[in-house]
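Dropping target28.txt in here (compact mmCIF, C-alpha atoms):
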```txt
# COMPACT_ATOMS: atom_id res chain seq x y z
CA MET Q 1 -3.85 105.17 35.16
CA ARG Q 2 -5.70 107.57 37.46
CA ARG Q 3 -9.48 107.26 37.54
CA ALA Q 4 -11.91 110.09 38.23
CA ALA Q 5 -15.52 109.56 39.28
CA VAL Q 6 -18.28 112.13 38.97
CA ILE Q 7 -21.87 112.14 40.24
CA ASP Q 8 -23.95 114.92 38.68
CA ILE Q 9 -27.25 115.65 40.44
CA GLY Q 10 -29.40 117.23 37.78
CA SER Q 11 -32.97 118.44 37.87
CA ASN Q 12 -34.37 115.51 35.91
CA SER Q 13 -31.79 112.75 36.30
CA ILE Q 14 -28.70 111.88 38.32
CA LYS Q 15 -25.70 110.57 36.41
CA ALA Q 16 -22.41 108.89 37.26
CA LEU Q 17 -19.23 108.64 35.20
CA VAL Q 18 -15.91 106.98 35.92
CA ALA Q 19 -13.25 107.98 33.40
CA THR Q 20 -9.53 107.77 32.78
CA ARG Q 21 -7.06 108.95 30.17
CA ASP Q 22 -6.97 106.89 26.98
CA ALA Q 23 -3.83 105.98 25.04
CA ALA Q 24 -4.10 109.12 22.93
CA GLY Q 25 -4.36 111.39 25.98
CA GLY Q 26 -8.10 111.87 25.68
CA LEU Q 27 -10.89 110.89 28.05
CA GLN Q 28 -12.24 107.33 28.16
CA ALA Q 29 -15.36 106.28 30.05
CA LEU Q 30 -15.02 103.14 32.17
CA VAL Q 31 -18.66 103.17 33.27
CA GLN Q 32 -21.68 105.46 32.91
CA LYS Q 33 -25.01 105.14 34.67
CA THR Q 34 -28.14 107.28 34.87
CA GLU Q 35 -30.85 107.18 37.54
CA ASP Q 36 -34.11 109.06 37.02
CA ALA Q 37 -35.11 111.03 40.08
CA ARG Q 38 -36.89 114.24 38.95
CA ILE Q 39 -35.88 116.04 42.14
CA SER Q 40 -36.97 119.32 40.50
CA ARG Q 41 -40.71 118.75 40.79
CA GLY Q 42 -42.16 122.07 41.95
CA ILE Q 43 -39.18 124.09 40.72
CA SER Q 44 -41.39 126.60 38.90
CA GLN Q 45 -42.96 127.87 42.13
CA ALA Q 46 -42.34 131.44 43.29
CA GLU Q 47 -40.42 130.01 46.26
CA PRO Q 48 -39.13 126.71 44.89
CA ARG Q 49 -38.50 123.94 47.38
CA LEU Q 50 -37.41 120.35 46.96
CA THR Q 51 -40.14 118.03 48.20
CA GLU Q 52 -39.36 115.32 50.74
CA GLU Q 53 -40.28 112.75 48.07
CA GLY Q 54 -37.94 114.38 45.55
CA MET Q 55 -35.07 114.53 48.03
CA GLN Q 56 -35.59 110.87 48.92
CA ARG Q 57 -35.54 109.90 45.24
CA GLY Q 58 -32.30 111.84 44.91
CA LEU Q 59 -30.74 110.14 47.94
CA ASP Q 60 -31.78 106.72 46.66
CA ALA Q 61 -30.30 107.45 43.23
CA VAL Q 62 -26.98 108.64 44.67
CA ARG Q 63 -26.83 105.56 46.90
CA VAL Q 64 -27.20 103.33 43.82
CA LEU Q 65 -24.58 105.28 41.86
CA LEU Q 66 -22.05 105.16 44.70
CA GLU Q 67 -22.30 101.37 44.54
CA VAL Q 68 -21.88 101.44 40.75
CA ILE Q 69 -18.62 103.39 40.91
CA ARG Q 70 -17.16 101.67 43.99
CA PRO Q 71 -15.65 98.62 42.17
CA TYR Q 72 -13.64 100.95 39.91
CA GLU Q 73 -11.77 102.34 42.93
CA PRO Q 74 -11.55 105.92 41.61
CA ASP Q 75 -8.74 108.17 42.80
CA SER Q 76 -11.20 111.04 43.17
CA LEU Q 77 -14.94 111.55 43.45
CA THR Q 78 -16.62 114.81 42.51
CA LEU Q 79 -20.22 115.37 43.66
CA VAL Q 80 -22.08 118.30 42.12
CA ALA Q 81 -25.64 119.58 41.85
CA THR Q 82 -27.11 122.08 39.40
CA SER Q 83 -30.24 124.14 38.81
CA ALA Q 84 -32.83 122.43 41.02
CA VAL Q 85 -30.64 122.42 44.12
CA ARG Q 86 -29.15 125.89 43.65
CA ASP Q 87 -32.62 127.41 43.13
CA ALA Q 88 -34.41 125.58 45.95
CA HIS Q 89 -34.86 127.38 49.25
CA ASN Q 90 -34.05 124.12 51.02
CA GLY Q 91 -31.19 123.16 48.71
CA ALA Q 92 -28.67 123.38 51.56
CA GLU Q 93 -30.64 120.79 53.55
CA PHE Q 94 -30.54 118.37 50.62
CA ALA Q 95 -26.82 119.06 50.11
CA ASP Q 96 -26.15 118.19 53.76
CA ARG Q 97 -28.06 114.91 53.44
CA ILE Q 98 -26.11 113.97 50.29
CA ALA Q 99 -22.82 114.84 52.03
CA THR Q 100 -23.71 112.59 54.98
CA LEU Q 101 -24.56 109.74 52.61
CA ALA Q 102 -21.45 110.11 50.45
CA GLY Q 103 -19.01 111.03 53.18
CA GLN Q 104 -17.90 114.19 51.38
CA PRO Q 105 -19.38 117.60 50.50
CA LEU Q 106 -21.76 118.19 47.63
CA ARG Q 107 -20.76 121.20 45.55
CA VAL Q 108 -23.68 123.23 44.21
CA LEU Q 109 -22.50 124.79 40.96
CA SER Q 110 -23.42 128.32 39.96
CA GLY Q 111 -24.94 128.76 36.51
CA ALA Q 112 -21.67 130.21 35.23
CA GLU Q 113 -19.65 127.28 36.60
CA GLU Q 114 -22.08 124.78 35.07
CA ALA Q 115 -21.87 126.40 31.65
CA GLU Q 116 -18.06 126.61 31.75
CA LEU Q 117 -17.72 122.95 32.73
CA ILE Q 118 -20.10 121.87 29.95
CA GLY Q 119 -17.83 123.72 27.54
CA ARG Q 120 -14.82 121.90 29.00
CA GLY Q 121 -16.60 118.58 28.52
CA MET Q 122 -17.47 119.38 24.92
CA ARG Q 123 -13.79 119.92 24.16
CA CYS Q 124 -13.27 116.23 25.02
CA ASP Q 125 -15.58 115.12 22.20
CA PRO Q 126 -13.44 113.69 19.36
CA ALA Q 127 -16.06 114.90 16.89
CA LEU Q 128 -15.29 118.49 17.95
CA ALA Q 129 -11.50 118.16 17.96
CA ASP Q 130 -11.11 120.41 14.91
CA ALA Q 131 -14.05 122.73 15.58
CA ARG Q 132 -13.17 126.41 15.90
CA ASP Q 133 -16.29 128.59 15.80
CA PHE Q 134 -19.43 126.96 17.18
CA TYR Q 135 -22.25 127.16 19.71
CA VAL Q 136 -23.04 124.69 22.49
CA PHE Q 137 -26.41 124.19 24.18
CA ASP Q 138 -27.37 121.79 26.98
CA LEU Q 139 -31.02 121.53 27.99
CA GLY Q 140 -31.83 120.06 31.38
CA GLY Q 141 -34.86 119.96 33.61
CA GLY Q 142 -34.13 123.28 35.31
CA SER Q 143 -31.94 125.29 32.96
CA LEU Q 144 -30.57 125.78 29.47
CA GLU Q 145 -26.82 126.34 29.21
CA CYS Q 146 -25.71 128.42 26.23
CA LEU Q 147 -22.10 128.85 25.09
CA SER Q 148 -20.19 130.14 22.09
CA PHE Q 149 -16.64 129.28 21.06
CA GLN Q 150 -14.53 131.42 18.74
CA ASP Q 151 -11.25 130.13 17.34
CA GLY Q 152 -11.59 127.20 19.74
CA THR Q 153 -11.78 129.41 22.84
CA LEU Q 154 -14.83 129.93 25.06
CA ARG Q 155 -16.22 133.36 24.22
CA GLN Q 156 -19.58 133.46 26.00
CA SER Q 157 -21.43 131.27 28.50
CA THR Q 158 -24.66 131.66 30.41
CA SER Q 159 -27.26 129.57 32.23
CA LEU Q 160 -30.90 130.46 31.60
CA PRO Q 161 -33.95 129.23 33.59
CA LEU Q 162 -35.46 127.45 30.58
CA GLY Q 163 -35.34 123.82 31.68
CA CYS Q 164 -38.07 121.56 30.32
CA VAL Q 165 -39.44 120.56 33.75
CA ARG Q 166 -39.52 124.19 34.87
CA LEU Q 167 -41.35 125.39 31.73
CA THR Q 168 -43.75 122.45 31.64
CA GLU Q 169 -44.83 123.20 35.20
CA ARG Q 170 -45.22 126.88 34.41
CA PHE Q 171 -47.01 126.79 31.07
CA VAL Q 172 -48.70 123.39 30.64
CA ALA Q 173 -51.85 123.10 32.73
CA ASP Q 174 -52.26 119.35 32.24
CA PRO Q 175 -49.33 117.37 30.77
CA ALA Q 176 -51.62 114.34 30.51
CA ARG Q 177 -53.41 115.79 27.48
CA PRO Q 178 -52.05 117.00 24.13
CA LEU Q 179 -50.18 120.31 24.22
CA LEU Q 180 -52.57 123.17 23.48
CA PRO Q 181 -51.61 125.72 20.77
CA ALA Q 182 -51.88 128.51 23.36
CA GLU Q 183 -49.45 126.67 25.65
CA ASP Q 184 -47.02 126.13 22.80
CA LEU Q 185 -47.20 129.84 21.96
CA ALA Q 186 -46.65 130.83 25.60
CA ILE Q 187 -43.58 128.58 25.89
CA ARG Q 188 -42.04 129.89 22.68
CA THR Q 189 -42.75 133.52 23.55
CA HIS Q 190 -41.10 133.10 26.95
CA VAL Q 191 -38.08 131.26 25.52
CA ARG Q 192 -37.63 133.89 22.79
CA ALA Q 193 -37.71 136.75 25.30
CA THR Q 194 -35.37 135.02 27.75
CA LEU Q 195 -32.84 134.22 25.04
CA ALA Q 196 -32.96 137.77 23.70
CA ALA Q 197 -32.18 139.16 27.14
CA GLY Q 198 -29.61 136.55 28.17
CA PHE Q 199 -27.60 135.27 25.22
CA SER Q 200 -26.14 136.78 22.06
CA PHE Q 201 -25.70 134.76 18.89
CA ASP Q 202 -22.52 136.72 18.38
CA LEU Q 203 -20.88 134.34 15.90
CA GLY Q 204 -23.61 134.58 13.30
CA VAL Q 205 -24.81 131.30 11.83
CA GLN Q 206 -22.23 128.71 12.89
CA PRO Q 207 -22.43 124.99 13.74
CA ALA Q 208 -24.47 124.27 16.87
CA VAL Q 209 -23.82 121.39 19.26
CA PHE Q 210 -26.61 120.15 21.52
CA ALA Q 211 -26.32 117.96 24.61
CA GLY Q 212 -28.84 116.64 27.11
CA GLY Q 213 -31.47 113.96 27.40
CA SER Q 214 -34.01 115.57 25.08
CA MET Q 215 -31.79 115.29 22.00
CA THR Q 216 -30.76 111.78 23.05
CA SER Q 217 -34.46 110.90 23.21
CA VAL Q 218 -35.01 112.18 19.67
CA ARG Q 219 -32.19 109.97 18.40
CA LEU Q 220 -33.57 107.01 20.34
CA MET Q 221 -36.94 107.50 18.62
CA LEU Q 222 -35.23 107.71 15.21
CA ALA Q 223 -33.30 104.53 16.01
CA ALA Q 224 -36.47 102.68 17.04
CA ALA Q 225 -38.26 103.78 13.89
CA ALA Q 226 -35.38 102.53 11.73
CA GLY Q 227 -34.90 99.33 13.74
CA VAL Q 228 -31.26 100.12 14.51
CA GLU Q 229 -29.11 100.94 17.53
CA LEU Q 230 -28.61 104.52 18.73
CA ALA Q 231 -24.98 104.53 17.56
CA GLU Q 232 -26.16 103.87 14.00
CA VAL Q 233 -28.27 107.05 13.89
CA SER Q 234 -26.56 110.17 12.64
CA ALA Q 235 -25.55 112.61 15.37
CA GLN Q 236 -26.60 115.41 13.00
CA VAL Q 237 -30.28 116.11 13.75
CA SER Q 238 -32.10 118.49 11.43
CA VAL Q 239 -34.59 121.13 12.51
CA ALA Q 240 -37.03 119.55 10.05
CA THR Q 241 -36.76 116.27 11.98
CA LEU Q 242 -37.21 118.06 15.31
CA THR Q 243 -40.26 119.89 13.95
CA ALA Q 244 -41.88 116.66 12.76
CA THR Q 245 -41.12 114.99 16.10
CA PHE Q 246 -42.62 117.90 18.02
CA ARG Q 247 -45.83 117.88 15.96
CA HIS Q 248 -46.22 114.16 16.47
CA LEU Q 249 -45.65 114.18 20.24
CA ALA Q 250 -47.53 117.40 20.98
CA ALA Q 251 -50.68 115.96 19.41
CA LEU Q 252 -50.66 112.88 21.67
CA PRO Q 253 -52.00 112.52 25.20
CA LEU Q 254 -49.39 111.48 27.73
CA ALA Q 255 -50.56 107.86 27.84
CA GLU Q 256 -49.80 107.53 24.13
CA ARG Q 257 -46.54 109.49 24.34
CA GLU Q 258 -45.31 107.08 27.01
CA ILE Q 259 -45.46 104.16 24.58
CA VAL Q 260 -43.86 105.88 21.57
CA PRO Q 261 -41.03 103.52 20.52
CA GLY Q 262 -37.68 104.81 21.70
CA LEU Q 263 -39.01 107.65 23.84
CA PRO Q 264 -38.15 107.07 27.51
CA ALA Q 265 -41.50 107.08 29.32
CA ARG Q 266 -40.00 109.19 32.11
CA ARG Q 267 -39.47 112.06 29.65
CA ALA Q 268 -42.79 111.83 27.84
CA ASP Q 269 -44.45 114.56 29.93
CA VAL Q 270 -41.78 117.21 29.23
CA MET Q 271 -40.76 116.34 25.66
CA PRO Q 272 -43.20 118.69 23.87
CA THR Q 273 -41.90 121.59 25.98
CA ALA Q 274 -38.28 120.55 25.41
CA LEU Q 275 -38.77 120.39 21.64
CA ALA Q 276 -40.63 123.73 21.55
CA THR Q 277 -37.66 125.26 23.40
CA ILE Q 278 -35.09 123.76 21.02
CA LEU Q 279 -37.07 124.84 17.96
CA THR Q 280 -37.42 128.40 19.26
CA LEU Q 281 -33.68 128.49 19.81
CA ALA Q 282 -33.06 127.24 16.27
CA GLU Q 283 -35.48 129.77 14.81
CA GLY Q 284 -33.85 132.69 16.62
CA ALA Q 285 -30.35 131.79 15.46
CA GLY Q 286 -31.16 130.46 12.00
CA PHE Q 287 -29.87 126.96 12.74
CA GLU Q 288 -30.86 124.23 10.28
CA ASP Q 289 -29.49 121.34 12.34
CA PHE Q 290 -27.70 120.41 15.55
CA GLN Q 291 -24.73 118.14 16.21
CA HIS Q 292 -25.64 115.94 19.15
CA SER Q 293 -22.91 115.24 21.73
CA PHE Q 294 -22.82 113.08 24.86
CA TYR Q 295 -19.88 115.06 26.26
CA ASN Q 296 -21.23 117.56 28.77
CA LEU Q 297 -20.96 118.52 32.44
CA ARG Q 298 -19.74 115.29 33.99
CA TRP Q 299 -17.11 114.92 31.24
CA GLY Q 300 -15.88 118.42 32.00
CA LEU Q 301 -15.61 117.59 35.69
CA ALA Q 302 -13.71 114.37 34.96
CA ALA Q 303 -11.39 116.19 32.54
CA ARG Q 304 -10.61 118.77 35.20
CA ALA Q 305 -9.97 116.09 37.83
CA LEU Q 306 -7.59 114.35 35.45
CA GLN Q 307 -6.07 117.66 34.31
CA LEU Q 308 -6.85 117.03 30.64
CA VAL Q 309 -8.16 120.45 29.60
```

Rewrite the structure of this file - the entire thing - as structure tokens.
Amino acid sequence: MRRAAVIDIGSNSIKALVATRDAAGGLQALVQKTEDARISRGISQAEPRLTEEGMQRGLDAVRVLLEVIRPYEPDSLTLVATSAVRDAHNGAEFADRIATLAGQPLRVLSGAEEAELIGRGMRCDPALADARDFYVFDLGGGSLECLSFQDGTLRQSTSLPLGCVRLTERFVADPARPLLPAEDLAIRTHVRATLAAGFSFDLGVQPAVFAGGSMTSVRLMLAAAAGVELAEVSAQVSVATLTATFRHLAALPLAEREIVPGLPARRADVMPTALATILTLAEGAGFEDFQHSFYNLRWGLAARALQLV
């Protein structure tokens, strides 16, 4: 069976996937690996640039992931980057350094391409096999991808500059202390206005699917609290649960957030902003819960390489 490898250079983390077709004709992961790099530090600046430290973290992460996928001898390797690299004034320099390391070009996706590929990945999720009308959202460090499907077909897709690293840098003066009410209000006001100008909830109130590390982190916290594995926690996460999680984390200084059971310490600084963004989205659309999915951009890229969807 053919094997497709993908390395996705995101704003907050860099992820690898090697996948093949399963017996039913779907997509099966052979290996997945995530390296935290936070290359997007400084992305909220008027003239965003990747720092030398951020680029080096990115190069180191890609080097590790290339070694992870090598034993699987993939038939193809797709290297992509998203919001942080496409927005940075020196993104081309970083892309050249990645290409030299990997021995092949790095493709910097446009926002529209990123959103479309996330939608393609979602269609590989067995839990969505029968879904017809639904929304998809994927929150990263630099951007929020928003999509709607009608009768199983992509109807609308857009990429908005609402990533949790970007908004934390812009609106939170000191992430080491609890989130101030004024900062929370500023984040939500900005998210509300950006959504109103950039995305239409044109299906009315329909099921909403959410991908990305922030929702994974919420489920990890729920799993830790219940003393179970992540897979044993329902993928349906209610807005009430998200609200309670936000209130708990926003009231803590960073040092205490970093030791919350289940919450990856590397995400502790941006989690209040991420949750405020998700809750504002839910409020605007009238969502009462979200279906969490692990099938996003890299799955869409692998599906395309294997000509699945």

I'd like a table as a Markdown table: residues in region 74-98 of chain Q with an atom no more than 12 Å from region 131-140 of chain Q, each row giving the shortest atom pair and its distance in Å to one decimal, all atoms listed in the file counted, sorted by chain and rising residue number.
```
| residue | atom | partner | partner_atom | distance |
| --- | --- | --- | --- | --- |
| Q:Thr82 | CA | Q:Gly140 | CA | 9.5 |
| Q:Ser83 | CA | Q:Gly140 | CA | 8.6 |
| Q:Ala84 | CA | Q:Gly140 | CA | 10.0 |
```

List every residue of region 142-203 of chain Q that has an atom at most 10 Å from any atom of region 228-250 of chain Q, and for each one report the closest atom pair and its distance in Å to one decimal, counting only C-alpha atoms, with rows sorted by chain and then by increasing residue number, as JSON lines.
```
{"residue": "Q:Pro175", "atom": "CA", "partner": "Q:Ala250", "partner_atom": "CA", "distance": 10.0}
{"residue": "Q:Arg177", "atom": "CA", "partner": "Q:Ala250", "partner_atom": "CA", "distance": 8.9}
{"residue": "Q:Pro178", "atom": "CA", "partner": "Q:Ala250", "partner_atom": "CA", "distance": 5.5}
{"residue": "Q:Leu179", "atom": "CA", "partner": "Q:Ala250", "partner_atom": "CA", "distance": 5.1}
{"residue": "Q:Leu180", "atom": "CA", "partner": "Q:Ala250", "partner_atom": "CA", "distance": 8.1}
{"residue": "Q:Pro181", "atom": "CA", "partner": "Q:Ala250", "partner_atom": "CA", "distance": 9.3}
{"residue": "Q:Asp184", "atom": "CA", "partner": "Q:Ala250", "partner_atom": "CA", "distance": 8.9}
```

Hey, can you spit out that residue selection with C-alpha atoms as a PDB file, keeping the file's coordinate frame?
```
ATOM      1  CA  PRO Q 175     -49.330 117.370  30.770  1.00  0.00           C
ATOM      2  CA  ARG Q 177     -53.410 115.790  27.480  1.00  0.00           C
ATOM      3  CA  PRO Q 178     -52.050 117.000  24.130  1.00  0.00           C
ATOM      4  CA  LEU Q 179     -50.180 120.310  24.220  1.00  0.00           C
ATOM      5  CA  LEU Q 180     -52.570 123.170  23.480  1.00  0.00           C
ATOM      6  CA  PRO Q 181     -51.610 125.720  20.770  1.00  0.00           C
ATOM      7  CA  ASP Q 184     -47.020 126.130  22.800  1.00  0.00           C
TER       8      ASP Q 184
END
```

Step by step: start from the point (-21.4, 123.1, 35.4) in the file's coordinates, keep every protein, DNA or RNA residue that has an atom no farther than 9 Å from it, count all atoms listed in the file, and write the set as a PDB file with C-alpha atoms, in the coordinates of the input.
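Wrote it out as point21.pdb, contents follow:
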```pdb
ATOM      1  CA  VAL Q  80     -22.080 118.300  42.120  1.00  0.00           C
ATOM      2  CA  ALA Q  81     -25.640 119.580  41.850  1.00  0.00           C
ATOM      3  CA  THR Q  82     -27.110 122.080  39.400  1.00  0.00           C
ATOM      4  CA  LEU Q 109     -22.500 124.790  40.960  1.00  0.00           C
ATOM      5  CA  SER Q 110     -23.420 128.320  39.960  1.00  0.00           C
ATOM      6  CA  GLY Q 111     -24.940 128.760  36.510  1.00  0.00           C
ATOM      7  CA  ALA Q 112     -21.670 130.210  35.230  1.00  0.00           C
ATOM      8  CA  GLU Q 113     -19.650 127.280  36.600  1.00  0.00           C
ATOM      9  CA  GLU Q 114     -22.080 124.780  35.070  1.00  0.00           C
ATOM     10  CA  ALA Q 115     -21.870 126.400  31.650  1.00  0.00           C
ATOM     11  CA  GLU Q 116     -18.060 126.610  31.750  1.00  0.00           C
ATOM     12  CA  LEU Q 117     -17.720 122.950  32.730  1.00  0.00           C
ATOM     13  CA  ILE Q 118     -20.100 121.870  29.950  1.00  0.00           C
ATOM     14  CA  GLY Q 119     -17.830 123.720  27.540  1.00  0.00           C
ATOM     15  CA  GLU Q 145     -26.820 126.340  29.210  1.00  0.00           C
ATOM     16  CA  ASN Q 296     -21.230 117.560  28.770  1.00  0.00           C
ATOM     17  CA  LEU Q 297     -20.960 118.520  32.440  1.00  0.00           C
ATOM     18  CA  ARG Q 298     -19.740 115.290  33.990  1.00  0.00           C
ATOM     19  CA  GLY Q 300     -15.880 118.420  32.000  1.00  0.00           C
ATOM     20  CA  LEU Q 301     -15.610 117.590  35.690  1.00  0.00           C
TER      21      LEU Q 301
END
```

Once you count all atoms listed in the file, what closest atom pair and distance in Å to one decimal does each residue of region 147-242 of chain Q within 7 Å of region 40-48 of chain Q have, with rows by chain and rising residue number, as a tab-separated table?
```
residue	atom	partner	partner_atom	distance
Q:Arg166	CA	Q:Ser44	CA	5.1
Q:Glu169	CA	Q:Ser44	CA	6.1
Q:Arg170	CA	Q:Ser44	CA	5.9
```

Who sits within 9 Å of Phe199 (chain Q), only C-alpha atoms, same chain under 5 positions skipped, as a list in words |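 The residues satisfying every condition are Cys146, Leu147, Gln156, Ser157, Thr158, Leu160 and Thr194 of chain Q.
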
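With distances taken over all atoms listed in the file, Q:Lys33 is the one residue among Q:Ser293, Q:Lys33, Q:Thr153, Q:Val260 lying closest to Glu67 (chain Q).
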
Within 7 Å of region 267-288 of chain Q, which residues of region 120-180 of chain Q come that close, and what is the closest atom pair and distance in Å for each? Count all atoms listed in the file and give it as a tab-separated table.
```
residue	atom	partner	partner_atom	distance
Q:Cys164	CA	Q:Ala274	CA	5.0
Q:Val165	CA	Q:Val270	CA	6.1
Q:Leu167	CA	Q:Thr273	CA	6.9
Q:Thr168	CA	Q:Thr273	CA	6.0
Q:Pro175	CA	Q:Asp269	CA	5.7
```

Using the selection just defined, write its residues with C-alpha atoms as a compact mmCIF listing (two decimals), in the frame of the given file.
```txt
# COMPACT_ATOMS: atom_id res chain seq x y z
CA CYS Q 164 -38.07 121.56 30.32
CA VAL Q 165 -39.44 120.56 33.75
CA LEU Q 167 -41.35 125.39 31.73
CA THR Q 168 -43.75 122.45 31.64
CA PRO Q 175 -49.33 117.37 30.77
```

What is the distance, in Å and to one decimal place, between CA of Asn90 (chain Q) and CA of Ala61 (chain Q)?
->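 Calculated distance between CA of Asn90 (chain Q) and CA of Ala61 (chain Q) is 18.8 Å.
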
Grab the CA of Arg219 (chain Q) to CA of Ala24 (chain Q) distance for me, in Å with one decimal place.
->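 Pair CA of Arg219 (chain Q) / CA of Ala24 (chain Q) returns 28.5 Å.
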
How far is it from CA of Leu50 (chain Q) to CA of Val68 (chain Q), in Å with one decimal?
->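 Rounded to one decimal, the two atoms are 25.2 Å apart.
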
Centre and size of axis-aligned box enclosing region 67-72 of chain Q plus 8 Å each side, as JSON:
```
{"center_x": -18.0, "center_y": 101.0, "center_z": 42.2, "size_x": 24.7, "size_y": 20.8, "size_z": 20.6}
```

From Q:Ala37, Q:Ile9, Q:Leu30, Q:Ile14, residue lying nearest Gly91 (chain Q) [all atoms listed in the file] |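 For Gly91 (chain Q), the nearest of the given residues is Q:Ile9.
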
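Closest approach to Phe201 (chain Q) among Q:Arg155, Q:Arg49, Q:Arg70, Q:Arg3: Q:Arg155, based on all atoms listed in the file.
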
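Neighbourhood of point (-48.6, 131.7, 30.9): residues with an atom at most 10 Å away, counting all atoms listed in the file, are Q:Leu167, Q:Arg170, Q:Phe171, Q:Val172, Q:Ala173, Q:Ala182, Q:Glu183, Q:Asp184, Q:Leu185, Q:Ala186, Q:Ile187, Q:Thr189, Q:His190.
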
Might you pull out every residue within 10 Å of Ala305 (chain Q), with only C-alpha atoms counted and same-chain residues fewer than 6 positions away left off, and present them as a list in words?
->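 Using only C-alpha atoms, the neighbours found are Arg2, Arg3, Ala4, Ala5, Val6, Ala19, Thr20, Asp75, Ser76, Leu77, Thr78 and Trp299 of chain Q.
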
Smallest atom-to-atom distance to Gly212 (chain Q): which of Q:Arg97, Q:Val62, Q:Asp36, Q:Leu144, using all atoms listed in the file?
->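 That would be Q:Leu144, the residue with the smallest distance to Gly212 (chain Q).
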
So which one's closest to Gln291 (chain Q), Q:Ile7, Q:Leu308, Q:Ala208, Q:Met215? Using only C-alpha atoms, please.
->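 Smallest separation from Gln291 (chain Q) among the options: Q:Ala208.
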
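Closest approach to Ala102 (chain Q) among Q:Leu66, Q:Cys124, Q:Met55, Q:Val18 is made by Q:Leu66 (distances from all atoms listed in the file).
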